[in-house]
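The block underneath contains the structure these notes are about, expressed in structure tokens.
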Amino acid sequence: MRKLAIAILMSMPLVAGGVFAQQKTAKDNVYEELNLFDQAFERIRQDAVDPVTDAKLIGAAIAGMLSGLDPHSSFIDEAAFRASQTPANDDAATLGLAVTIDSGQLKVISPQDGSPAAQAGIRPGDVIFTIDKEPVYDLTLGEAEQKLRGPAGSEVQLTLRRGAEKPIDLTLKREAYGLQTVVGRVEAGNIGYLRIAGFDGGTQAALAAAVQDLRQKTGSKLIGFILDLRNNPGGGFDAAVAVADAFIDKGDVVVVKGRKPASVKRVSATPGDLAKGLPLVALVNGGTAREAELVAAALQDNHRAVLLGSKTLGESSITSVIPLADGGAIRLTTARFTTPSGREIQGKGLDPDLAVTSLKLARLAQGQVRREADLPGALKNPDQAVGKLPADAPPGATPTPAPDETPAVATEDIGSASDEQLIQAKDVLRGLSVFSRRAAG
């Protein structure tokens with residue numbers, strides 16, 4: 001035992017030395033990279049054809065460092081950060097257009113209900129090429145969003161393309177509009193239709209009030225609810241969690257994952273179901289994004305609603321604004337959320353339980369979900385090719401189309417008499433209601 005103890009004590013300095021050597025090597029590598037940056041910094045200061053201030057160079061370096069991470073991370077200079085802290089009516093100076101950068105292109109996530117962008121007919125998936133005749137290919141997401149803002153009443157010219165169609169030129173006026181996040185009405189006499197267009201501090205209360213109003217209008221004879229999450233670009237994270245929680249009596253609502261494994265946080269539902277157990281159908285499409293996907297995923301994983309429509313956008317990043325000492329700030333992606341069962345949403349989206357396209361209802365086979373094979377660069381399984389039906393698919397089912405084959409729904413057409421997805425949702429809800437009554441005996 002004594003010899004063993006001596007051997008252990010003698011080996012400890014060697015282990016500690018090895019760890020120290022690894023740490024020293026890592027630090028040396030960092031110093032080498034910083035030396036490289038310093039060299040480039042000095043050459044630009046001395047040899048650039050136009051003089052440039054140190055502050056501008058540093059700001060550009062930080063901006064480039066963040067833009068190389070993901071489309072949502074960016075640098076906010078002191079003036080812009082100070083302006084963002086000043087209370088203002090943002091709705092009065094925007095187009096109501098949620099955008100993202102996808103493969104280097106400025107792509108529309110969705111226009112907000114009632115906004116100038118929605119009234120102009122802009123749809124999810126449209127690609128914006130120019131803003132006021134200036135190309136946007138080299139802009140960061142923050143810069144593009146800034147160009148879309150302006151004084152109320154001012155005009156902005158956009159050139160965009162929809163699929164393989166010819167470029168479309170639009171002139172939009174920035175106007176004041178109020179986003180009503182929840183709108184409810186009775187469909188077919190006994191179906192509660194709830195349009196959820198976004199999430200803010202008043203959404204939870206508005207949802208509860210809308211449900212109560214629908215119950216009163218129908219004499220408490222509702223057979224179920226349709227939750228319309230199409231063309232919903234998201235909003236407040238906590239507000240979205242509250243909406244999902246409102247319909248889930250128990251179970252997890254969402255899982256938030258940071259950089260470290262220990263930072264995983266599970267958000268659980270609180271007791272109570274706003275719908276009181278009535279069946280739910282949730283409408284989703286490519287404009288269902290971010291926090292709207294959180295709600296759809298929670299309802300799907302907890303078997304609380306049938307998702308009907310087309311694949312969602314696939315964006316689940318959570319960004320934090322971190323102030324810097326010079327008065328500016330950085331917007332950094334610090335976490336992502338997944339479905340309660342751990343399915344990744346980022347870059348993949350959610351597959352609906354029932355795919356509705358071109359007057360056809362396609363049932364997805366059980367177990368047909370997105371997995372590791374869908375990640376960028378992964379080897380593809382030929383048996384899971386897009387457009388190929390599973391072996392156990394029911395008779396008459398049609399393949400789920402690829403995302404770019406699914407036509408986008410204009411926000412102004414949502415809930416109209418010609419809304420095919422809504423028509424199908426009502427039929428599905430009636431079937432679920434009959435099934436529920438029979439199961440209850």
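Residue numbering restarts at 1 in every chain; chains get A, B, ... in the order shown in the structure tokens, and ligands count up from 1 in that same order.
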
List as CSV every residue of region 193-222 of chain A that is in contact with region 239-243 of chain A, defined as an atom at most 6 Å from one of its atoms (using only C-alpha atoms), together with the nearest atom pair and the distance in Å rounded to one decimal, sorted by chain and then rising number.
```
residue,atom,partner,partner_atom,distance
A:Phe199,CA,A:Ala239,CA,5.5
A:Asp200,CA,A:Ala239,CA,5.7
A:Gln204,CA,A:Val243,CA,5.9
```

Can I get the selection written as a CSV table (one decimal), in the first residue's frame, with all heavy atoms?
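Dumped everything to out-v2.csv:
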```
chain,number,residue,atom,x,y,z
A,199,PHE,N,-47.2,36.7,-30.4
A,199,PHE,CA,-47.2,36.5,-28.9
A,199,PHE,C,-46.6,37.7,-28.3
A,199,PHE,O,-45.5,38.2,-28.6
A,199,PHE,CB,-46.3,35.3,-28.6
A,199,PHE,CG,-46.8,34.0,-29.2
A,199,PHE,CD1,-46.1,33.6,-30.4
A,199,PHE,CD2,-47.8,33.2,-28.7
A,199,PHE,CE1,-46.5,32.4,-31.1
A,199,PHE,CE2,-48.2,32.1,-29.4
A,199,PHE,CZ,-47.5,31.7,-30.5
A,200,ASP,N,-47.4,38.3,-27.4
A,200,ASP,CA,-46.9,39.4,-26.6
A,200,ASP,C,-47.5,39.3,-25.2
A,200,ASP,O,-48.1,38.3,-24.8
A,200,ASP,CB,-47.2,40.8,-27.2
A,200,ASP,CG,-48.7,41.0,-27.4
A,200,ASP,OD1,-49.5,40.4,-26.7
A,200,ASP,OD2,-49.1,41.8,-28.3
A,204,GLN,N,-51.9,35.9,-23.6
A,204,GLN,CA,-52.6,34.9,-22.8
A,204,GLN,C,-53.9,35.3,-22.3
A,204,GLN,O,-54.9,34.5,-22.4
A,204,GLN,CB,-51.7,34.6,-21.6
A,204,GLN,CG,-52.2,33.5,-20.6
A,204,GLN,CD,-51.3,33.3,-19.4
A,204,GLN,OE1,-50.4,34.1,-19.1
A,204,GLN,NE2,-51.5,32.2,-18.7
```

- Could you name the residues that touch region 123-127 of chain A at 8 Å or less, counting only C-alpha atoms, but leaving out those on the same chain fewer than 6 positions away, as a count of residues only? 18

- Query: For Ile122 (chain A), which residue among A:Val264, A:Ile318, A:Leu172, A:Leu141 is the nearest when counting only C-alpha atoms?
  - Reply: A:Leu172

- Apply DSSP to the structure's backbone, then extract all residues of region 100-287 of chain A labelled alpha helix (DSSP H) and return them as a ChimeraX atom specification. /A:116-119,141-148,203-217,237-247

- Query: Smallest atom-to-atom distance to Gly198 (chain A): which of A:Val295, A:Ala269, A:Leu34, A:Val186, using only C-alpha atoms?
  - Reply: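 Answer, going by the shortest atom-to-atom distance: A:Val295.
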
- Note on the structure: What separates CA of Met65 (chain A) and CA of Ile330 (chain A) is a distance of 10.7 Å
